[in-house]
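Enquirer: What follows is entry-v5.csv, made up of CSV, C-alpha atoms:
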```csv
chain,number,residue,atom,x,y,z
A,129,MET,CA,-33.8,-27.1,10.5
A,130,MET,CA,-31.3,-29.9,9.8
A,131,ASN,CA,-31.7,-33.2,11.6
A,132,ASN,CA,-28.6,-34.9,13.0
A,133,ASP,CA,-28.0,-37.2,10.0
A,134,GLN,CA,-28.2,-34.3,7.6
A,135,GLU,CA,-25.9,-32.1,9.7
A,136,ASP,CA,-23.3,-34.8,10.0
A,137,TYR,CA,-22.7,-34.7,6.2
A,138,GLN,CA,-22.9,-30.9,5.7
A,139,PRO,CA,-19.5,-29.4,4.7
A,140,VAL,CA,-17.3,-27.5,7.1
A,141,ILE,CA,-15.8,-24.1,6.1
A,142,LEU,CA,-12.3,-23.0,6.9
A,143,CYS,CA,-11.8,-19.2,6.7
A,144,HIS,CA,-8.6,-17.2,7.4
A,145,ALA,CA,-6.6,-14.2,6.2
A,146,ALA,CA,-3.6,-14.7,3.9
A,147,CYS,CA,-0.3,-15.7,5.6
A,148,THR,CA,-1.9,-16.9,8.8
A,149,GLY,CA,-0.9,-20.6,8.6
A,150,GLY,CA,-3.9,-21.6,6.4
A,151,SER,CA,-1.9,-24.2,4.4
A,152,LEU,CA,-0.7,-26.1,7.5
A,153,ILE,CA,-4.0,-25.8,9.3
A,154,TYR,CA,-5.9,-27.1,6.3
A,155,ARG,CA,-3.7,-30.1,6.0
A,156,LEU,CA,-3.9,-30.8,9.7
A,157,LEU,CA,-7.7,-30.7,9.6
A,158,VAL,CA,-7.9,-33.0,6.6
A,159,SER,CA,-5.5,-35.6,8.0
A,160,SER,CA,-6.8,-35.5,11.5
A,161,PHE,CA,-10.5,-35.6,10.8
A,162,GLN,CA,-10.2,-37.6,7.5
A,163,PHE,CA,-12.0,-34.9,5.6
A,164,THR,CA,-12.1,-34.7,1.9
A,165,GLY,CA,-11.0,-31.2,1.2
A,166,ILE,CA,-11.2,-28.6,-1.6
A,167,SER,CA,-8.9,-25.6,-1.1
A,168,GLU,CA,-8.8,-21.9,-2.0
A,169,ILE,CA,-12.4,-21.7,-3.2
A,170,SER,CA,-13.7,-18.4,-4.4
A,171,HIS,CA,-16.1,-17.3,-7.1
A,172,ALA,CA,-14.7,-13.8,-7.1
A,173,TRP,CA,-11.5,-14.6,-8.9
A,174,TYR,CA,-12.2,-12.8,-12.3
A,175,PRO,CA,-10.5,-15.4,-14.5
A,176,ASN,CA,-8.2,-14.3,-17.4
A,177,PRO,CA,-9.8,-15.3,-20.7
A,178,LYS,CA,-6.3,-16.1,-22.1
A,179,SER,CA,-5.5,-18.6,-19.4
A,180,TYR,CA,-5.7,-22.4,-20.0
A,181,TRP,CA,-9.1,-23.8,-18.9
A,182,PRO,CA,-9.4,-27.2,-20.6
A,183,LEU,CA,-11.6,-28.6,-17.8
A,184,ASP,CA,-13.7,-25.6,-17.1
A,185,PRO,CA,-16.1,-24.8,-20.0
A,186,GLU,CA,-18.3,-22.5,-17.8
A,187,VAL,CA,-15.3,-20.3,-17.1
A,188,GLN,CA,-14.5,-20.1,-20.8
A,189,LEU,CA,-18.1,-18.9,-21.5
A,190,TYR,CA,-18.0,-16.5,-18.5
A,191,THR,CA,-14.8,-14.8,-19.7
A,192,GLN,CA,-16.5,-14.3,-23.1
A,193,GLY,CA,-19.5,-12.6,-21.6
A,194,VAL,CA,-21.9,-15.5,-22.5
A,195,ILE,CA,-22.6,-16.2,-18.8
A,196,SER,CA,-23.4,-13.2,-16.6
A,197,ASP,CA,-21.9,-12.7,-13.1
A,198,THR,CA,-25.1,-13.7,-11.4
A,199,LEU,CA,-25.6,-16.9,-13.5
A,200,PHE,CA,-21.9,-17.9,-13.0
A,201,THR,CA,-22.3,-17.4,-9.2
A,202,GLU,CA,-25.3,-19.7,-9.3
A,203,ILE,CA,-23.4,-22.3,-11.4
A,204,PHE,CA,-20.4,-22.1,-9.2
A,205,TYR,CA,-22.4,-22.8,-6.0
A,206,LYS,CA,-24.2,-25.7,-7.7
A,207,ARG,CA,-20.8,-27.2,-8.5
A,208,ILE,CA,-19.7,-27.0,-4.9
A,209,ARG,CA,-22.9,-28.7,-3.8
A,210,HIS,CA,-22.4,-31.4,-6.4
A,211,CYS,CA,-18.9,-32.0,-5.0
A,212,GLU,CA,-20.3,-32.2,-1.5
A,213,LYS,CA,-22.8,-34.8,-2.8
A,214,LEU,CA,-20.0,-36.9,-4.4
A,215,VAL,CA,-18.0,-36.7,-1.1
A,216,ARG,CA,-21.0,-37.7,1.0
A,217,GLU,CA,-21.6,-40.7,-1.2
A,218,THR,CA,-18.1,-41.9,-0.2
A,219,GLY,CA,-19.1,-41.7,3.4
A,220,LYS,CA,-16.9,-38.7,4.1
A,221,LYS,CA,-17.4,-35.1,5.1
A,222,MET,CA,-16.1,-32.2,2.9
A,223,LEU,CA,-13.9,-29.4,4.2
A,224,ILE,CA,-14.0,-26.2,2.1
A,225,ARG,CA,-11.0,-23.9,2.6
A,226,GLU,CA,-12.3,-20.6,1.2
A,227,HIS,CA,-10.2,-17.9,-0.2
A,228,THR,CA,-11.2,-15.4,2.5
A,229,HIS,CA,-8.5,-12.9,1.5
A,230,ARG,CA,-10.1,-12.4,-1.9
A,231,TYR,CA,-13.4,-11.3,-0.2
A,232,PHE,CA,-12.2,-9.1,2.7
A,233,PHE,CA,-8.6,-8.1,2.2
A,234,ASN,CA,-8.4,-7.4,-1.6
A,235,PRO,CA,-6.7,-3.9,-1.9
A,236,HIS,CA,-8.8,-3.1,-5.0
A,237,HIS,CA,-12.1,-3.6,-3.1
A,238,ASP,CA,-13.4,-1.4,-0.4
A,239,LYS,CA,-16.0,-3.6,1.4
A,240,SER,CA,-17.2,-7.1,1.0
A,241,THR,CA,-20.9,-7.7,0.6
A,242,LEU,CA,-20.9,-11.0,2.5
A,243,GLU,CA,-23.3,-11.4,5.4
A,244,SER,CA,-21.1,-13.8,7.3
A,245,ILE,CA,-17.4,-14.7,7.1
A,246,SER,CA,-18.1,-17.2,4.3
A,247,TRP,CA,-19.6,-16.8,0.8
A,248,VAL,CA,-20.4,-20.5,0.7
A,249,ASN,CA,-22.1,-20.3,4.0
A,250,ASP,CA,-24.1,-17.3,2.8
A,251,ALA,CA,-25.2,-19.2,-0.3
A,252,PHE,CA,-26.1,-22.2,1.7
A,253,SER,CA,-28.1,-20.2,4.3
A,254,LYS,CA,-30.1,-18.2,1.8
A,255,GLY,CA,-33.7,-18.9,2.3
A,256,ARG,CA,-33.0,-21.3,5.2
A,257,ASP,CA,-32.8,-20.9,9.0
A,258,GLU,CA,-29.6,-22.9,8.9
A,259,SER,CA,-25.8,-22.3,8.9
A,260,LEU,CA,-22.8,-24.4,8.1
A,261,ASN,CA,-20.0,-24.9,10.7
A,262,CYS,CA,-17.3,-22.3,10.1
A,263,LEU,CA,-13.8,-22.5,11.5
A,264,LEU,CA,-11.9,-19.3,11.7
A,265,SER,CA,-8.1,-19.2,12.3
A,266,VAL,CA,-6.3,-15.9,13.2
A,267,ARG,CA,-2.7,-15.0,13.7
A,268,ASP,CA,-0.9,-12.0,15.2
A,269,PRO,CA,-1.6,-9.2,12.6
A,270,ILE,CA,2.0,-8.1,12.6
A,271,ASP,CA,3.1,-11.5,11.4
A,272,SER,CA,0.4,-11.9,8.8
A,273,TRP,CA,1.2,-8.4,7.5
A,274,LEU,CA,4.9,-9.1,7.2
A,275,GLY,CA,4.2,-12.4,5.5
A,276,LEU,CA,1.8,-10.8,3.1
A,277,ARG,CA,4.3,-8.0,2.2
A,278,HIS,CA,7.0,-10.7,1.6
A,279,ASN,CA,5.0,-13.3,-0.3
A,280,PHE,CA,2.2,-11.5,-2.0
A,281,PRO,CA,2.9,-7.7,-2.1
A,282,GLU,CA,0.4,-7.2,-4.9
A,283,GLU,CA,-2.4,-8.6,-2.6
A,284,GLN,CA,-1.8,-6.3,0.3
A,285,PRO,CA,-3.5,-3.0,1.1
A,286,THR,CA,-1.3,0.0,0.6
A,287,VAL,CA,-0.7,0.9,4.2
A,288,PHE,CA,-0.8,-1.1,7.5
A,289,ASP,CA,-3.7,0.9,9.0
A,290,GLU,CA,-5.9,0.0,6.0
A,291,TYR,CA,-5.0,-3.6,6.5
A,292,CYS,CA,-6.1,-3.4,10.1
A,293,GLU,CA,-9.3,-1.7,9.1
A,294,LYS,CA,-10.1,-4.4,6.7
A,295,TYR,CA,-9.3,-7.1,9.3
A,296,LEU,CA,-11.7,-5.4,11.8
A,297,PHE,CA,-14.4,-5.3,9.1
A,298,PHE,CA,-13.8,-9.1,8.6
A,299,LEU,CA,-14.1,-9.7,12.4
A,300,ASP,CA,-17.4,-7.8,12.4
A,301,LYS,CA,-18.8,-10.5,10.2
A,302,VAL,CA,-18.0,-13.1,12.9
A,303,GLU,CA,-20.8,-11.7,15.0
A,304,ARG,CA,-23.2,-12.3,12.1
A,305,THR,CA,-22.0,-15.9,11.6
A,306,LYS,CA,-24.3,-18.3,13.5
A,307,ARG,CA,-21.9,-21.2,14.0
A,308,VAL,CA,-18.3,-20.2,14.0
A,309,HIS,CA,-15.3,-21.4,16.1
A,310,LEU,CA,-12.3,-19.1,16.3
A,311,PHE,CA,-8.8,-20.3,17.2
A,312,LYS,CA,-5.3,-19.0,17.0
A,313,TYR,CA,-2.6,-20.2,14.7
A,314,GLU,CA,-0.1,-19.8,17.5
A,315,ASP,CA,-2.1,-22.2,19.7
A,316,MET,CA,-2.3,-24.7,16.8
A,317,ILE,CA,1.5,-24.6,16.6
A,318,SER,CA,2.1,-24.9,20.3
A,319,SER,CA,-0.7,-27.4,21.2
A,320,PRO,CA,-2.1,-29.0,18.0
A,321,GLN,CA,-3.8,-31.9,19.8
A,322,GLU,CA,-5.6,-29.6,22.3
A,323,VAL,CA,-6.8,-27.2,19.5
A,324,LEU,CA,-8.0,-30.1,17.3
A,325,LEU,CA,-9.9,-31.7,20.2
A,326,LYS,CA,-11.7,-28.3,20.8
A,327,ILE,CA,-12.5,-28.1,17.1
A,328,GLY,CA,-13.8,-31.7,17.3
A,329,LYS,CA,-16.0,-30.7,20.2
A,330,PHE,CA,-17.4,-27.8,18.2
A,331,LEU,CA,-18.1,-30.0,15.2
A,332,GLY,CA,-19.5,-32.8,17.2
A,333,ARG,CA,-16.9,-35.3,15.9
A,334,LEU,CA,-13.6,-36.3,17.4
A,335,PRO,CA,-10.4,-36.4,15.3
A,336,VAL,CA,-9.7,-39.9,14.1
A,337,ASP,CA,-6.0,-39.6,13.5
A,338,LEU,CA,-3.6,-37.4,15.5
A,339,ASP,CA,-0.4,-38.6,13.7
A,340,PHE,CA,0.7,-35.1,12.7
A,341,GLU,CA,3.5,-36.5,10.4
A,342,LYS,CA,0.7,-37.3,7.9
A,343,ASN,CA,-0.3,-33.7,7.3
A,344,SER,CA,2.4,-33.3,4.6
A,345,GLN,CA,0.8,-36.1,2.6
A,346,VAL,CA,-2.3,-33.9,2.0
A,347,ILE,CA,-2.1,-32.4,-1.5
A,348,SER,CA,-4.1,-29.3,-2.2
A,349,SER,CA,-4.5,-26.3,-4.5
A,350,GLY,CA,-3.1,-23.1,-3.0
A,351,ASN,CA,-0.7,-24.9,-0.7
A,352,SER,CA,1.7,-21.9,-0.7
A,353,GLY,CA,2.7,-22.1,3.0
A,354,ARG,CA,5.2,-24.5,4.7
A,355,GLN,CA,5.4,-27.8,2.9
A,356,SER,CA,6.9,-30.1,5.6
A,357,SER,CA,5.0,-31.9,8.3
A,358,ALA,CA,7.0,-30.2,11.0
A,359,ILE,CA,4.9,-28.1,13.4
A,360,TYR,CA,6.9,-25.3,15.1
A,361,ALA,CA,6.8,-21.6,15.6
A,362,ARG,CA,8.7,-19.6,13.0
A,363,PRO,CA,10.7,-16.5,14.0
A,364,ARG,CA,9.1,-13.2,13.1
A,365,ARG,CA,10.2,-11.7,9.8
A,366,PRO,CA,12.5,-8.7,10.0
A,367,PHE,CA,10.8,-5.3,10.3
A,368,THR,CA,11.9,-1.7,10.6
A,369,SER,CA,10.9,1.2,12.9
A,370,ARG,CA,8.6,2.4,10.1
A,371,LEU,CA,6.2,-0.5,11.0
A,372,VAL,CA,6.6,0.4,14.7
A,373,ARG,CA,5.6,4.0,14.0
A,374,ALA,CA,2.7,2.9,11.7
A,375,ALA,CA,1.5,0.6,14.5
A,376,LYS,CA,1.6,3.3,17.1
A,377,ALA,CA,-0.3,5.7,14.8
A,378,SER,CA,-3.0,3.2,14.0
A,379,LYS,CA,-6.1,3.1,16.2
A,380,ASN,CA,-7.4,0.3,14.1
A,381,TYR,CA,-4.3,-1.8,15.0
A,382,VAL,CA,-4.8,-1.2,18.7
A,383,GLU,CA,-8.5,-2.2,18.5
A,384,LEU,CA,-7.5,-5.2,16.4
A,385,CYS,CA,-5.0,-6.4,19.0
A,386,GLU,CA,-7.6,-6.0,21.7
A,387,ARG,CA,-10.3,-7.9,19.9
A,388,LEU,CA,-7.9,-10.8,19.0
A,389,ASN,CA,-6.1,-10.7,22.4
A,390,TYR,CA,-2.6,-10.1,21.0
A,391,PRO,CA,0.0,-7.7,22.5
A,392,CYS,CA,0.7,-4.6,20.5
A,393,LEU,CA,4.1,-4.5,18.7
A,394,PHE,CA,5.3,-1.4,20.5
A,395,ASP,CA,4.4,-2.8,24.0
A,396,ASN,CA,7.0,-5.5,24.1
A,397,LEU,CA,9.9,-4.6,21.8
A,398,SER,CA,13.0,-6.5,23.0
A,399,SER,CA,16.7,-5.8,22.5
A,400,LEU,CA,16.6,-8.6,19.9
A,401,ASP,CA,13.9,-6.7,18.0
A,402,ASN,CA,15.9,-3.5,18.1
A,403,ARG,CA,19.0,-5.4,16.8
A,404,MET,CA,16.9,-7.0,14.1
A,405,MET,CA,15.6,-3.5,13.0
A,406,PHE,CA,19.1,-2.2,12.8
A,407,LYS,CA,20.2,-5.2,10.8
A,408,THR,CA,17.3,-4.8,8.4
A,409,TYR,CA,18.2,-1.1,7.9
A,410,LEU,CA,21.8,-2.1,7.2
A,411,ASN,CA,20.7,-4.8,4.7
A,412,ASN,CA,18.4,-2.4,2.9
A,413,ILE,CA,21.2,0.2,2.6
A,414,LEU,CA,23.6,-2.4,1.2
A,415,HIS,CA,21.0,-3.7,-1.2
A,416,VAL,CA,20.3,-0.2,-2.6
A,417,CYS,CA,24.0,0.6,-2.8
A,418,THR,CA,24.8,-2.6,-4.6
A,419,LYS,CA,21.8,-2.1,-7.0
A,420,ASN,CA,23.0,1.5,-7.8
A,421,ALA,CA,26.6,0.3,-8.3
A,422,LEU,CA,25.5,-2.3,-10.8
A,423,LYS,CA,23.4,0.0,-12.9
A,424,PRO,CA,26.1,1.0,-15.4
A,425,PHE,CA,27.1,-2.6,-15.9
A,426,ASN,CA,23.5,-3.6,-16.5
A,427,GLN,CA,23.0,-0.9,-19.1
A,428,ILE,CA,26.0,-2.2,-21.0
A,429,ALA,CA,25.0,-5.8,-20.5
A,430,ARG,CA,21.6,-5.1,-22.2
A,431,LYS,CA,23.4,-3.8,-25.3
A,432,PHE,CA,25.9,-6.7,-25.3
A,433,PRO,CA,24.0,-9.9,-24.3
A,434,MET,CA,27.2,-12.1,-24.1
A,435,ILE,CA,28.4,-10.0,-21.1
A,436,ARG,CA,25.4,-11.3,-19.1
A,437,ASP,CA,26.4,-14.9,-19.7
```
Could you render the structure as structure tokens?
Expert:
Amino acid sequence: MMNNDQEDYQPVILCHAACTGGSLIYRLLVSSFQFTGISEISHAWYPNPKSYWPLDPEVQLYTQGVISDTLFTEIFYKRIRHCEKLVRETGKKMLIREHTHRYFFNPHHDKSTLESISWVNDAFSKGRDESLNCLLSVRDPIDSWLGLRHNFPEEQPTVFDEYCEKYLFFLDKVERTKRVHLFKYEDMISSPQEVLLKIGKFLGRLPVDLDFEKNSQVISSGNSGRQSSAIYARPRRPFTSRLVRAAKASKNYVELCERLNYPCLFDNLSSLDNRMMFKTYLNNILHVCTKNALKPFNQIARKFPMIRD
């Protein structure tokens, strides 16, 4: 078991699905607790051998088959532990934002082999009766699905029900994670100080700076979400009745809402939602009509490049 001094310097893990406010939450955690953070960490990225890797010789060897999957995984974990040692020597604690989506929501993978919600935590816990502190943020699955469809369509499962099934499988791992604190993105937006204090209680260390304006100063890899320091609830993205029908037909979605304590989409549709769906239908029709109307011109433009100018 870890003593208190050892535990105080062990890294903290942040896990979340894509499009659930991870960028903002990561920045708030780093700025509020004065963590040193590394972001979007994942060994399961399958790097492209033609990409530019001037500072990563192991990846270059891995893409050439010189290093096996198993050996690269071991090297990758040792590199993370080395970073943690460097951070500890500065007197700080490291926050690791894992690329959870790659492990649990990848549309090309059926099931993750992780024991807990975190690959880093699994590697750390191997052979030990210990666990790292894991923070898990969740968001209304409708909003995360709509955000995923809009921002990263290639990273989403093919249908909404499959997404909910993968989310449930991910939540099953929470029960196997020894030290995990779950909180909602919506609560972080509405009451950031209260949520951060609860996180501090879980970690055994209070936040040292609750000036939320400073979160935008945190620079990180994978910072694809909102860039400003403003903390506010964004309106739900437009959706159509197709999503409503998919939600009604999905038992996985109903179970997911029950487990996360969110209302089902079809339980509280307002007149504003209905107007939004009609407007979305209208916009889609106009977009298709415009695209079809421009087809002849585009065919001519490809033959005569000056027309495009």
Enquirer: Identify, on the basis of all atoms listed in the file, every residue whose closest approach to Val336 of chain A does not exceed 12 Å; exclude the query and any residue fewer than 5 positions from it along the same chain; express the result as a list in words.
Expert: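 In the requested format, the answer is Leu156, Leu157, Val158, Ser159, Ser160, Phe161, Gln162, Phe163, Gln321, Leu324, Leu325 and Gly328 of chain A.
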Enquirer: So, counting all atoms listed in the file, which residue among A:Arg256, A:Arg267, A:Lys376, A:Lys301 is closest to Thr148 of chain A?
Expert: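 Distance minimum relative to Thr148 of chain A lands on A:Arg267.
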Enquirer: Rank A:Asp136, A:Glu186, A:Glu212, A:Asp315 by their smallest atom-to-atom distance to Ser265 of chain A, using all atoms listed in the file, and report the top residue only.
Expert: A:Asp315
Enquirer: Can you work out the spacing between atom CA of Phe394 of chain A and atom CA of Arg373 of chain A in Å, to one decimal?
Expert: 8.5 Å
Enquirer: So the first atom is atom CA of Ile166 of chain A and the second is atom CA of Leu152 of chain A; what is the distance between them in Å, to one decimal place?
Expert: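 Separating atom CA of Ile166 of chain A from atom CA of Leu152 of chain A is a distance of 14.1 Å.
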Enquirer: Find the distance between atom CA of Asn380 of chain A and atom CA of Ile270 of chain A and write it in Å to one decimal.
Expert: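 Taking atom CA of Asn380 of chain A and atom CA of Ile270 of chain A, their separation equals 12.7 Å.
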Enquirer: Can you list, as a PyMOL selection string, every protein, DNA or RNA residue that comes within 7 Å of Lys306 of chain A when you count only C-alpha atoms, leaving out same-chain residues fewer than 2 positions away?
Expert: chain A and resi 259+304+308
Enquirer: Rank nothing, just name the residue among A:Leu242, A:Val187, A:Val346, A:Cys262 nearest to Leu331 of chain A, using only C-alpha atoms.
Expert: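 Smallest distance to Leu331 of chain A is found for A:Cys262.
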Enquirer: Counting only C-alpha atoms, what is within 8 Å of Pro139 of chain A, bar same-chain residues fewer than 4 positions away, as a list in words?
Expert: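 Returned residues: Glu212, Lys221, Met222, Leu223, Ile224, Leu260 and Asn261 of chain A.
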Enquirer: Go through A:Thr191, A:Arg365, A:Thr198, A:Phe288 and flag the residue nearest Ser378 of chain A, using all atoms listed in the file for the distances.
Expert: A:Phe288
Enquirer: Hey, which of A:Val194, A:Lys220, A:Thr201, A:Gln284 ends up closest to Asn234 of chain A? Count all atoms listed in the file.
Expert: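 Of all the options, A:Gln284 lies closest to Asn234 of chain A.
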